[in-house]
Amino acid sequence: MDSSQSFSRKANGKSFVGHLGELRSRIIFTLIAFLVSLCGALVYVKELYRWLVRDLDQKLAILAPSDIIWVYFMLAGVVAIAVTIPVAGLQAWRFVKPALSVEEQKKTLAYIPALAILFVFGLSFGYFVIYPMVIGFLEKMADDFETVYTAQKYFAFMLNMTVPFGFLFEMPAIVMFLTSLGILNPKRLAKARKLSYFALTVTAVLITPPDIVSDLLVVAPLLLLYEISVTLSKWIYRKQSDKSSL
């Protein structure tokens, strides 16, 4: 019996209504963690705002008093997401825990800290690599214009350039977790390689300036992430196969 069949068999030991009730409680706990993190982030959001605009030559404009509230909540929201990701991972792990062996519980629990670390790495890649490249390209195009940035537009653009990479960088940890549960395996990932490459390339092209250098600078890390995910999946799958054959 493979891991996916074992997982399904163990999970069926609890009623469907019981699963839904537990899932609901896990989701509620995660939402509470997000709200608490959001409130905590709002305490320091002004310092975060000042750090993010430290290199600007001009003050950002607002068109309405509510604009600054939107900006503060968006910035605090990103911080809250980063804090909540390991909490959500832990709740997901606790939800599937009864269907896992003791050894599987220990292994999958180790992936949870990686979720937070990879999210921060993704944000950093977006902010320090992608965002300066894109904003520099657009500012060169606007040489003949007087540029006035509004706070809402500026940070909406920044978050669009950074937050998606936070989630994309979660790929290796998620693939390892799903492989450990028997939901994914290297063969499925290999079959989906062409489609995945296409989707990642389209994503890169849509969020970068229209030049080949920028596209390659974004596509290459995303494809590398996918291949790292496939390699990690092979490693997990091979270890499981070796143990099952003993």
# chains A, B, ... in the order shown; residues from 1 in each chain; ligands from 1
$ select_by_dssp --residues "stretch 25-140 of chain A" --states "alpha helix (DSSP H)" --output "MDAnalysis selection string"
chainID A and resid 25:43 45:52 65:96 102:109 111:125 131:140
$ closest_atom_pairs --of "stretch 104-211 of chain A" --to "stretch 48-69 of chain A" --cutoff "7 Å" --atoms "only C-alpha atoms" --output "Markdown table"
| residue | atom | partner | partner_atom | distance |
| --- | --- | --- | --- | --- |
| A:Tyr149 | CA | A:Leu60 | CA | 5.6 |
| A:Thr150 | CA | A:Ala61 | CA | 4.4 |
| A:Ala151 | CA | A:Leu60 | CA | 5.1 |
| A:Gln152 | CA | A:Asp67 | CA | 6.1 |
$ atom_distance --atom1 "atom CA of A:Leu118" --atom2 "atom CA of A:Ile32"
22.7 Å
$ residues_around --residues "A:Ile112" --least-positions-apart "4" --cutoff "7 Å" --atoms "only C-alpha atoms" --output "PyMOL selection string"
chain A and resi 86+89-90
$ write_last_selection --atoms "all heavy atoms" --output "PDB file, in the first residue's frame"
ATOM      1  N   PRO A  86       3.542  30.329   9.045  1.00  0.00           N
ATOM      2  CA  PRO A  86       3.868  29.133   9.836  1.00  0.00           C
ATOM      3  C   PRO A  86       2.714  28.675  10.725  1.00  0.00           C
ATOM      4  O   PRO A  86       2.576  27.471  10.987  1.00  0.00           O
ATOM      5  CB  PRO A  86       5.077  29.581  10.673  1.00  0.00           C
ATOM      6  CG  PRO A  86       5.037  31.065  10.669  1.00  0.00           C
ATOM      7  CD  PRO A  86       4.436  31.452   9.364  1.00  0.00           C
ATOM      8  N   GLY A  89       0.531  26.747   8.457  1.00  0.00           N
ATOM      9  CA  GLY A  89       1.177  25.458   8.191  1.00  0.00           C
ATOM     10  C   GLY A  89       1.025  24.498   9.356  1.00  0.00           C
ATOM     11  O   GLY A  89       0.775  23.302   9.159  1.00  0.00           O
ATOM     12  N   LEU A  90       1.159  25.023  10.573  1.00  0.00           N
ATOM     13  CA  LEU A  90       1.004  24.185  11.757  1.00  0.00           C
ATOM     14  C   LEU A  90      -0.428  23.670  11.886  1.00  0.00           C
ATOM     15  O   LEU A  90      -0.655  22.505  12.250  1.00  0.00           O
ATOM     16  CB  LEU A  90       1.398  24.976  13.008  1.00  0.00           C
ATOM     17  CG  LEU A  90       1.319  24.220  14.338  1.00  0.00           C
ATOM     18  CD1 LEU A  90       2.258  23.024  14.324  1.00  0.00           C
ATOM     19  CD2 LEU A  90       1.648  25.150  15.499  1.00  0.00           C
TER      20      LEU A  90
END
$ atom_distance --atom1 "atom CA of A:Gln91" --atom2 "atom CA of A:Ile174"
14.3 Å
